[in-house]
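A.B. asks: Below is work-v7.csv; it holds CSV, C-alpha atoms.
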```csv
chain,number,residue,atom,x,y,z
R,1,MET,CA,-75.4,10.5,20.0
R,2,GLY,CA,-73.0,8.5,17.8
R,3,ARG,CA,-72.0,11.4,15.6
R,4,GLU,CA,-68.4,11.5,16.9
R,5,PHE,CA,-67.6,8.8,14.3
R,6,VAL,CA,-69.3,10.5,11.3
R,7,ASP,CA,-66.1,11.8,9.8
R,8,ILE,CA,-64.5,8.3,9.7
R,9,PHE,CA,-66.9,7.5,7.0
R,10,ASP,CA,-65.9,10.3,4.6
R,11,GLU,CA,-62.8,8.4,3.4
R,12,TRP,CA,-64.7,5.1,3.6
R,13,ALA,CA,-67.5,6.4,1.4
R,14,GLU,CA,-65.0,7.5,-1.3
R,15,GLU,CA,-62.5,4.6,-1.3
R,16,SER,CA,-63.1,1.4,0.6
R,17,TYR,CA,-66.6,0.9,1.9
R,18,GLU,CA,-67.8,-1.5,-0.8
R,19,ALA,CA,-64.5,-3.3,-0.8
R,20,SER,CA,-64.8,-3.9,2.9
R,21,VAL,CA,-68.4,-5.2,2.9
R,22,SER,CA,-67.7,-7.4,-0.1
R,23,GLY,CA,-64.8,-9.1,1.6
R,24,GLU,CA,-62.0,-7.6,-0.6
R,25,ASP,CA,-60.3,-6.1,2.4
R,26,PRO,CA,-58.6,-9.0,4.3
R,27,GLU,CA,-58.6,-7.1,7.5
R,28,TYR,CA,-62.3,-6.7,7.7
R,29,ARG,CA,-63.2,-9.9,5.8
R,30,ASP,CA,-64.3,-11.8,9.0
R,31,VAL,CA,-66.5,-8.9,10.1
R,32,PHE,CA,-68.5,-9.0,6.9
R,33,ILE,CA,-68.6,-12.8,6.3
R,34,GLY,CA,-72.2,-13.5,5.1
R,35,TYR,CA,-72.9,-9.8,4.5
R,36,ASP,CA,-75.6,-10.4,1.9
R,37,ASN,CA,-77.3,-13.0,4.1
R,38,ILE,CA,-77.2,-10.6,7.0
R,39,LEU,CA,-79.0,-8.0,5.0
R,40,ASN,CA,-81.6,-10.5,3.8
R,41,GLU,CA,-82.2,-11.7,7.4
R,42,VAL,CA,-82.8,-8.1,8.5
R,43,ALA,CA,-85.1,-7.3,5.6
R,44,LYS,CA,-87.2,-10.5,5.9
R,45,ARG,CA,-88.1,-9.8,9.5
R,46,VAL,CA,-89.9,-6.5,8.9
R,47,SER,CA,-92.7,-5.0,6.9
R,48,GLY,CA,-94.7,-1.9,6.2
R,49,THR,CA,-93.1,1.5,6.8
R,50,VAL,CA,-89.4,1.0,7.8
R,51,VAL,CA,-87.0,3.5,9.2
R,52,GLU,CA,-83.4,2.6,8.3
R,53,PHE,CA,-80.5,4.1,10.4
R,54,GLY,CA,-77.1,4.5,8.7
R,55,THR,CA,-78.1,3.8,5.1
R,56,GLY,CA,-74.5,4.0,4.0
R,57,THR,CA,-74.4,3.5,0.3
R,58,GLY,CA,-77.8,1.8,0.3
R,59,ASN,CA,-77.2,-2.0,0.4
R,60,LEU,CA,-79.8,-2.7,3.0
R,61,THR,CA,-82.0,0.0,1.5
R,62,LEU,CA,-82.1,-2.0,-1.7
R,63,LYS,CA,-83.3,-5.2,0.0
R,64,LEU,CA,-86.0,-3.2,1.8
R,65,ILE,CA,-87.2,-1.6,-1.4
R,66,GLU,CA,-87.1,-4.8,-3.4
R,67,ALA,CA,-89.4,-6.3,-0.6
R,68,GLY,CA,-91.9,-3.6,-1.3
R,69,PHE,CA,-91.5,-1.7,1.9
R,70,SER,CA,-91.9,2.1,2.4
R,71,VAL,CA,-88.3,3.1,3.4
R,72,ILE,CA,-87.2,6.2,5.2
R,73,GLY,CA,-83.5,6.6,5.4
R,74,ILE,CA,-81.6,8.3,8.3
R,75,GLU,CA,-77.9,9.0,7.7
R,76,PRO,CA,-75.6,11.5,9.5
R,77,ASN,CA,-72.7,11.4,7.0
R,78,THR,CA,-73.2,13.8,4.1
R,79,LYS,CA,-71.4,11.7,1.5
R,80,MET,CA,-73.1,8.5,2.5
R,81,ARG,CA,-76.5,10.3,2.5
R,82,GLN,CA,-75.8,11.7,-1.0
R,83,ALA,CA,-74.8,8.2,-2.2
R,84,THR,CA,-78.0,6.7,-1.1
R,85,ALA,CA,-80.2,9.5,-2.3
R,86,LYS,CA,-78.6,9.3,-5.7
R,87,ARG,CA,-79.0,5.5,-5.9
R,88,PHE,CA,-82.7,5.7,-4.7
R,89,PRO,CA,-84.1,9.1,-5.7
R,90,SER,CA,-87.7,7.9,-4.9
R,91,ILE,CA,-87.1,7.7,-1.1
R,92,ASP,CA,-86.4,10.2,1.6
R,93,VAL,CA,-82.9,10.1,3.0
R,94,MET,CA,-82.6,12.6,5.8
R,95,ASP,CA,-79.9,13.9,8.1
R,96,GLY,CA,-80.2,12.3,11.5
R,97,ASP,CA,-78.8,9.6,13.8
R,98,LEU,CA,-80.0,6.8,16.1
R,99,ILE,CA,-81.5,9.2,18.6
R,100,GLN,CA,-81.9,12.6,16.9
R,101,PHE,CA,-84.1,12.1,13.8
R,102,GLU,CA,-87.4,13.1,12.3
R,103,ALA,CA,-88.9,10.3,10.3
R,104,GLY,CA,-91.7,12.4,8.9
R,105,ALA,CA,-94.2,9.5,9.0
R,106,GLU,CA,-97.4,9.2,11.1
R,107,HIS,CA,-97.0,5.4,11.4
R,108,ILE,CA,-93.8,3.4,11.7
R,109,ASP,CA,-93.7,-0.4,11.7
R,110,ALA,CA,-90.1,-1.1,12.2
R,111,PHE,CA,-86.6,0.3,12.8
R,112,VAL,CA,-83.6,-1.4,11.1
R,113,SER,CA,-79.9,-1.0,10.9
R,114,THR,CA,-76.7,-3.0,10.1
R,115,TYR,CA,-73.3,-2.2,11.7
R,116,VAL,CA,-74.6,0.9,13.3
R,117,PHE,CA,-75.8,0.5,16.9
R,118,HIS,CA,-72.3,0.3,18.4
R,119,HIS,CA,-71.9,4.1,17.7
R,120,LEU,CA,-74.0,4.7,20.8
R,121,THR,CA,-72.8,4.2,24.4
R,122,ASP,CA,-74.8,1.7,26.4
R,123,VAL,CA,-76.7,4.6,28.1
R,124,GLU,CA,-77.5,6.1,24.7
R,125,LYS,CA,-78.6,2.7,23.4
R,126,GLY,CA,-81.2,2.6,26.2
R,127,ILE,CA,-82.3,6.1,25.4
R,128,ALA,CA,-82.7,5.2,21.7
R,129,LEU,CA,-84.6,2.0,22.4
R,130,ASN,CA,-87.1,3.8,24.7
R,131,LYS,CA,-87.6,6.3,21.9
R,132,TYR,CA,-88.3,3.6,19.4
R,133,ALA,CA,-90.8,2.0,21.8
R,134,GLU,CA,-92.7,5.3,22.0
R,135,LEU,CA,-92.9,5.5,18.3
R,136,LEU,CA,-93.8,1.9,17.5
R,137,PRO,CA,-97.3,0.3,17.8
R,138,SER,CA,-97.7,-3.0,19.7
R,139,ASN,CA,-95.8,-5.7,17.8
R,140,GLY,CA,-93.7,-3.1,16.0
R,141,LYS,CA,-90.1,-4.2,15.5
R,142,VAL,CA,-86.5,-3.3,15.9
R,143,VAL,CA,-84.2,-5.4,13.9
R,144,PHE,CA,-80.5,-4.6,14.1
R,145,ALA,CA,-77.4,-6.5,13.1
R,146,ASP,CA,-74.2,-5.5,14.7
R,147,THR,CA,-71.0,-6.6,16.3
R,148,ALA,CA,-71.4,-7.7,19.9
R,149,PHE,CA,-69.8,-10.2,22.3
R,150,THR,CA,-71.0,-12.8,24.7
R,151,THR,CA,-68.9,-11.3,27.5
R,152,GLU,CA,-66.4,-8.5,28.0
R,153,ASP,CA,-63.7,-11.2,28.3
R,154,ALA,CA,-64.7,-12.5,24.8
R,155,LYS,CA,-64.4,-8.9,23.5
R,156,GLN,CA,-60.9,-8.5,24.9
R,157,ALA,CA,-59.9,-11.9,23.5
R,158,GLN,CA,-61.0,-10.8,20.0
R,159,ILE,CA,-59.0,-7.6,20.3
R,160,ARG,CA,-55.9,-9.6,21.2
R,161,LYS,CA,-56.5,-12.0,18.3
R,162,GLU,CA,-56.8,-9.1,15.9
R,163,ARG,CA,-53.6,-7.5,17.2
R,164,LYS,CA,-51.7,-10.9,17.0
R,165,ARG,CA,-52.6,-11.2,13.3
R,166,GLY,CA,-51.7,-7.6,12.5
R,167,PHE,CA,-55.3,-6.4,12.0
R,168,HIS,CA,-54.7,-3.2,14.0
R,169,HIS,CA,-57.5,-1.2,12.3
R,170,VAL,CA,-60.1,-3.8,13.5
R,171,ALA,CA,-58.6,-3.9,17.0
R,172,ASP,CA,-58.6,-0.1,17.1
R,173,ASP,CA,-62.3,0.0,16.1
R,174,LEU,CA,-63.2,-2.5,18.8
R,175,GLU,CA,-61.4,-0.4,21.4
R,176,ARG,CA,-62.6,3.0,20.2
R,177,GLU,CA,-66.3,2.5,19.6
R,178,TYR,CA,-69.0,1.2,21.9
R,179,TYR,CA,-69.2,-2.5,21.2
R,180,THR,CA,-71.1,-4.2,24.1
R,181,THR,CA,-72.2,-7.6,25.2
R,182,ILE,CA,-75.3,-9.7,24.7
R,183,PRO,CA,-76.4,-9.6,28.3
R,184,ILE,CA,-76.3,-5.8,28.4
R,185,LEU,CA,-78.2,-5.6,25.1
R,186,SER,CA,-80.8,-8.0,26.3
R,187,ASN,CA,-81.4,-6.0,29.4
R,188,LEU,CA,-81.6,-2.7,27.5
R,189,PHE,CA,-84.2,-4.1,25.0
R,190,GLU,CA,-86.3,-5.7,27.8
R,191,GLU,CA,-86.2,-2.5,29.9
R,192,ALA,CA,-87.6,-0.6,26.9
R,193,GLY,CA,-90.5,-3.0,26.6
R,194,PHE,CA,-89.3,-5.4,23.9
R,195,GLU,CA,-89.1,-9.2,23.6
R,196,ILE,CA,-85.6,-9.8,22.1
R,197,ASN,CA,-84.0,-12.7,20.3
R,198,PHE,CA,-80.3,-12.9,19.3
R,199,THR,CA,-78.9,-15.0,16.4
R,200,ARG,CA,-75.2,-15.2,15.7
R,201,MET,CA,-74.4,-14.4,12.1
R,202,ASN,CA,-70.6,-14.7,12.1
R,203,ASP,CA,-67.7,-14.4,14.6
R,204,PHE,CA,-68.5,-10.7,15.1
R,205,VAL,CA,-72.1,-9.9,14.1
R,206,TRP,CA,-75.3,-10.8,16.0
R,207,LEU,CA,-78.9,-10.3,14.6
R,208,MET,CA,-81.1,-8.6,17.2
R,209,ASP,CA,-84.8,-9.3,16.5
R,210,ALA,CA,-87.0,-7.3,18.9
R,211,ILE,CA,-90.8,-7.0,19.1
R,212,LYS,CA,-92.6,-4.4,21.1
R,213,LYS,CA,-94.8,-6.0,23.8
```
Rewrite the structure from the file as structure tokens, please.
C.D. replies:
Amino acid sequence: MGREFVDIFDEWAEESYEASVSGEDPEYRDVFIGYDNILNEVAKRVSGTVVEFGTGTGNLTLKLIEAGFSVIGIEPNTKMRQATAKRFPSIDVMDGDLIQFEAGAEHIDAFVSTYVFHHLTDVEKGIALNKYAELLPSNGKVVFADTAFTTEDAKQAQIRKERKRGFHHVADDLEREYYTTIPILSNLFEEAGFEINFTRMNDFVWLMDAIKK
């Protein structure tokens, strides 16, 4: 259910998470190019009661709160969850993941996340999307931003590029976690009953803007 990667974030939460997303870490700089714009683009596409998966230290959470939305945070990593809860004591930040979660709300208007969906296998992605479709009203939204590739060949080319320039942590991430392709994602969203549009945000990240039919 994506929790096999939870422990990786313990060190990140303490030492290098904000440095990575702010572009200070040269190895991950390209992954997080336009990070603030990515957060803004996710936030401006939703409204109402919003469930955020993988709150991290609360960067997207802040955008959602500033927009006046009711935010429910879901975060499987204890240290990250504590960081968000400390930063935003007025909201609920609960233990859970992309599939196993209890939002505690009778009505949900949208699900959002950034840099999270790749923690699920493609089969699990489909399970998650079907669950969201069951919980959302008609015209409810799923807005995710995450690394994806146009084809499997494009993914392998990116891995080779990262190895060539000595960015082995990035290459290891791409090989270890469940980064998929736009055609697969498109099929998964459509099979779950969503209309989906993709917008490329940088060389890695795509914005996925889905509306329940």
A.B. asks: Hey, which of R:Ala110, R:Ser186, R:Ile33, R:Asp95 ends up closest to Val143 of chain R? Count only C-alpha atoms.
C.D. replies: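 Using only C-alpha atoms, Val143 of chain R sits closest to R:Ala110.
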A.B. asks: Taking all atoms listed in the file into account, produce a table as a tab-separated table in which each residue of segment 81-129 of chain R with an atom at most 7 Å from an atom of segment 53-77 of chain R appears once, together with its shortest atom pair and the distance in Å to one decimal, ordered by chain and rising number.
C.D. replies:
```
residue	atom	partner	partner_atom	distance
R:Arg81	CA	R:Glu75	CA	5.5
R:Ala83	CA	R:Thr57	CA	5.3
R:Thr84	CA	R:Thr57	CA	5.0
R:Ile91	CA	R:Ile72	CA	6.5
R:Asp92	CA	R:Ile72	CA	5.4
R:Val93	CA	R:Gly73	CA	4.3
R:Met94	CA	R:Ile74	CA	5.1
R:Asp95	CA	R:Pro76	CA	5.1
R:Gly96	CA	R:Pro76	CA	5.1
R:Asp97	CA	R:Pro76	CA	5.7
R:Leu98	CA	R:Phe53	CA	6.3
R:Ala103	CA	R:Ile72	CA	6.8
R:Val112	CA	R:Phe53	CA	6.4
R:Ser113	CA	R:Phe53	CA	5.2
R:Val116	CA	R:Gly54	CA	6.4
```
A.B. asks: Have a look at R:Phe117, R:Asp172, R:Val51, R:Asp109 and name the one nearest to Leu207 of chain R; count only C-alpha atoms.
C.D. replies: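 Of all the options, R:Phe117 lies closest to Leu207 of chain R.
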A.B. asks: So how far away is atom CA of Phe198 of chain R from atom CA of Lys44 of chain R, in Å?
C.D. replies: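 Pair atom CA of Lys44 of chain R / atom CA of Phe198 of chain R returns 15.3 Å.
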A.B. asks: Give me, as a short mmCIF file (atom, residue, chain, number, x, y, z; two decimals) with C-alpha atoms, keeping the file's coordinate frame, all polymer residues having an atom no more than 8 Å from Asn139 of chain R, counting all atoms listed in the file and skipping those fewer than 4 positions away in the same chain.
C.D. replies:
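The new file part-v4.cif reads:
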```
data_model
loop_
_atom_site.label_atom_id
_atom_site.label_comp_id
_atom_site.auth_asym_id
_atom_site.auth_seq_id
_atom_site.Cartn_x
_atom_site.Cartn_y
_atom_site.Cartn_z
CA ILE R 211 -90.80 -7.00 19.10
CA LYS R 212 -92.60 -4.40 21.10
CA LYS R 213 -94.80 -6.00 23.80
#
```
A.B. asks: Quote the spacing between atom CA of Tyr35 of chain R and atom CA of Met208 of chain R in Å to one decimal place.
C.D. replies: 15.2 Å
A.B. asks: Show which residues sit within 10 Å of His107 of chain R, as a PyMOL selection string. Count all atoms listed in the file, and ignore same-chain residues fewer than 2 positions away.
C.D. replies: chain R and resi 48-50+103-105+109-110+135-137
A.B. asks: How far is it from atom CA of Glu124 of chain R to atom CA of Pro183 of chain R, in Å with one decimal?
C.D. replies: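 Between atom CA of Glu124 of chain R and atom CA of Pro183 of chain R the gap works out to 16.1 Å.
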A.B. asks: Measuring atom to atom with all atoms listed in the file, identify which of R:Glu175, R:Glu52, R:Glu24, R:Asp146 is nearest to Phe101 of chain R.
C.D. replies: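 Using all atoms listed in the file, the shortest distance to Phe101 of chain R belongs to R:Glu52.
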A.B. asks: Would you please work out which residue, of R:Met80, R:Val21, R:Ala171, R:Leu185, is nearest to Asn197 of chain R when using only C-alpha atoms?
C.D. replies: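 Once distances to Asn197 of chain R are computed over only C-alpha atoms, the minimum belongs to R:Leu185.
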A.B. asks: Just segment 142-179 of chain R, please, as a compact mmCIF listing (two decimals), in the first residue's frame (only N, CA and C atoms).
C.D. replies:
```txt
# COMPACT_ATOMS: atom_id res chain seq x y z
N VAL R 142 -9.73 14.59 -8.32
CA VAL R 142 -8.44 14.06 -7.87
C VAL R 142 -7.39 14.87 -8.61
N VAL R 143 -6.55 15.58 -7.86
CA VAL R 143 -5.50 16.38 -8.48
C VAL R 143 -4.17 15.99 -7.84
N PHE R 144 -3.37 15.28 -8.60
CA PHE R 144 -2.07 14.80 -8.15
C PHE R 144 -0.98 15.41 -9.03
N ALA R 145 0.18 15.63 -8.45
CA ALA R 145 1.37 15.98 -9.21
C ALA R 145 2.46 14.98 -8.83
N ASP R 146 3.06 14.37 -9.84
CA ASP R 146 4.06 13.35 -9.54
C ASP R 146 4.91 13.08 -10.78
N THR R 147 6.05 12.46 -10.53
CA THR R 147 6.91 12.04 -11.63
C THR R 147 6.24 10.93 -12.42
N ALA R 148 6.24 11.06 -13.73
CA ALA R 148 5.75 10.04 -14.65
C ALA R 148 6.47 10.23 -15.97
N PHE R 149 6.29 9.28 -16.87
CA PHE R 149 7.03 9.31 -18.13
C PHE R 149 6.08 9.02 -19.29
N THR R 150 6.43 9.56 -20.45
CA THR R 150 5.58 9.36 -21.62
C THR R 150 5.58 7.90 -22.05
N THR R 151 6.72 7.24 -21.91
CA THR R 151 6.85 5.82 -22.25
C THR R 151 7.84 5.17 -21.30
N GLU R 152 7.88 3.84 -21.29
CA GLU R 152 8.88 3.12 -20.51
C GLU R 152 10.29 3.41 -21.03
N ASP R 153 10.43 3.56 -22.35
CA ASP R 153 11.73 3.90 -22.93
C ASP R 153 12.22 5.25 -22.42
N ALA R 154 11.30 6.21 -22.27
CA ALA R 154 11.66 7.53 -21.75
C ALA R 154 12.13 7.42 -20.30
N LYS R 155 11.50 6.57 -19.54
CA LYS R 155 11.91 6.35 -18.16
C LYS R 155 13.33 5.78 -18.11
N GLN R 156 13.59 4.78 -18.91
CA GLN R 156 14.92 4.16 -18.91
C GLN R 156 15.99 5.14 -19.39
N ALA R 157 15.63 5.99 -20.33
CA ALA R 157 16.57 7.02 -20.81
C ALA R 157 16.89 8.01 -19.70
N GLN R 158 15.89 8.36 -18.89
CA GLN R 158 16.12 9.28 -17.77
C GLN R 158 17.03 8.64 -16.72
N ILE R 159 16.84 7.37 -16.46
CA ILE R 159 17.70 6.66 -15.51
C ILE R 159 19.14 6.67 -16.01
N ARG R 160 19.33 6.38 -17.28
CA ARG R 160 20.69 6.40 -17.84
C ARG R 160 21.30 7.79 -17.75
N LYS R 161 20.50 8.81 -18.00
CA LYS R 161 20.99 10.19 -17.90
C LYS R 161 21.45 10.51 -16.49
N GLU R 162 20.65 10.10 -15.49
CA GLU R 162 21.01 10.39 -14.10
C GLU R 162 22.27 9.64 -13.70
N ARG R 163 22.43 8.40 -14.13
CA ARG R 163 23.65 7.64 -13.85
C ARG R 163 24.87 8.33 -14.48
N LYS R 164 24.71 8.80 -15.72
CA LYS R 164 25.82 9.40 -16.44
C LYS R 164 26.32 10.65 -15.75
N ARG R 165 25.40 11.42 -15.16
CA ARG R 165 25.85 12.64 -14.48
C ARG R 165 26.10 12.43 -12.99
N GLY R 166 26.13 11.18 -12.57
CA GLY R 166 26.52 10.85 -11.20
C GLY R 166 25.42 11.03 -10.18
N PHE R 167 24.18 11.16 -10.62
CA PHE R 167 23.06 11.35 -9.69
C PHE R 167 22.43 9.98 -9.39
N HIS R 168 23.17 9.19 -8.63
CA HIS R 168 22.77 7.80 -8.42
C HIS R 168 21.59 7.66 -7.47
N HIS R 169 21.41 8.62 -6.56
CA HIS R 169 20.25 8.56 -5.68
C HIS R 169 18.95 8.72 -6.47
N VAL R 170 18.96 9.65 -7.41
CA VAL R 170 17.78 9.84 -8.26
C VAL R 170 17.53 8.60 -9.11
N ALA R 171 18.58 8.07 -9.71
CA ALA R 171 18.44 6.87 -10.53
C ALA R 171 17.94 5.69 -9.70
N ASP R 172 18.47 5.56 -8.49
CA ASP R 172 18.01 4.48 -7.60
C ASP R 172 16.53 4.63 -7.27
N ASP R 173 16.11 5.88 -7.00
CA ASP R 173 14.69 6.14 -6.72
C ASP R 173 13.82 5.70 -7.91
N LEU R 174 14.24 6.07 -9.11
CA LEU R 174 13.45 5.76 -10.30
C LEU R 174 13.35 4.25 -10.53
N GLU R 175 14.38 3.51 -10.14
CA GLU R 175 14.37 2.07 -10.31
C GLU R 175 13.64 1.35 -9.18
N ARG R 176 13.69 1.91 -7.97
CA ARG R 176 13.14 1.23 -6.80
C ARG R 176 11.63 1.43 -6.66
N GLU R 177 11.16 2.64 -6.91
CA GLU R 177 9.76 2.96 -6.66
C GLU R 177 8.94 2.77 -7.95
N TYR R 178 7.65 3.02 -7.87
CA TYR R 178 6.73 2.56 -8.91
C TYR R 178 6.32 3.67 -9.86
N TYR R 179 7.31 4.31 -10.46
CA TYR R 179 7.05 5.36 -11.45
C TYR R 179 6.51 4.73 -12.72
```
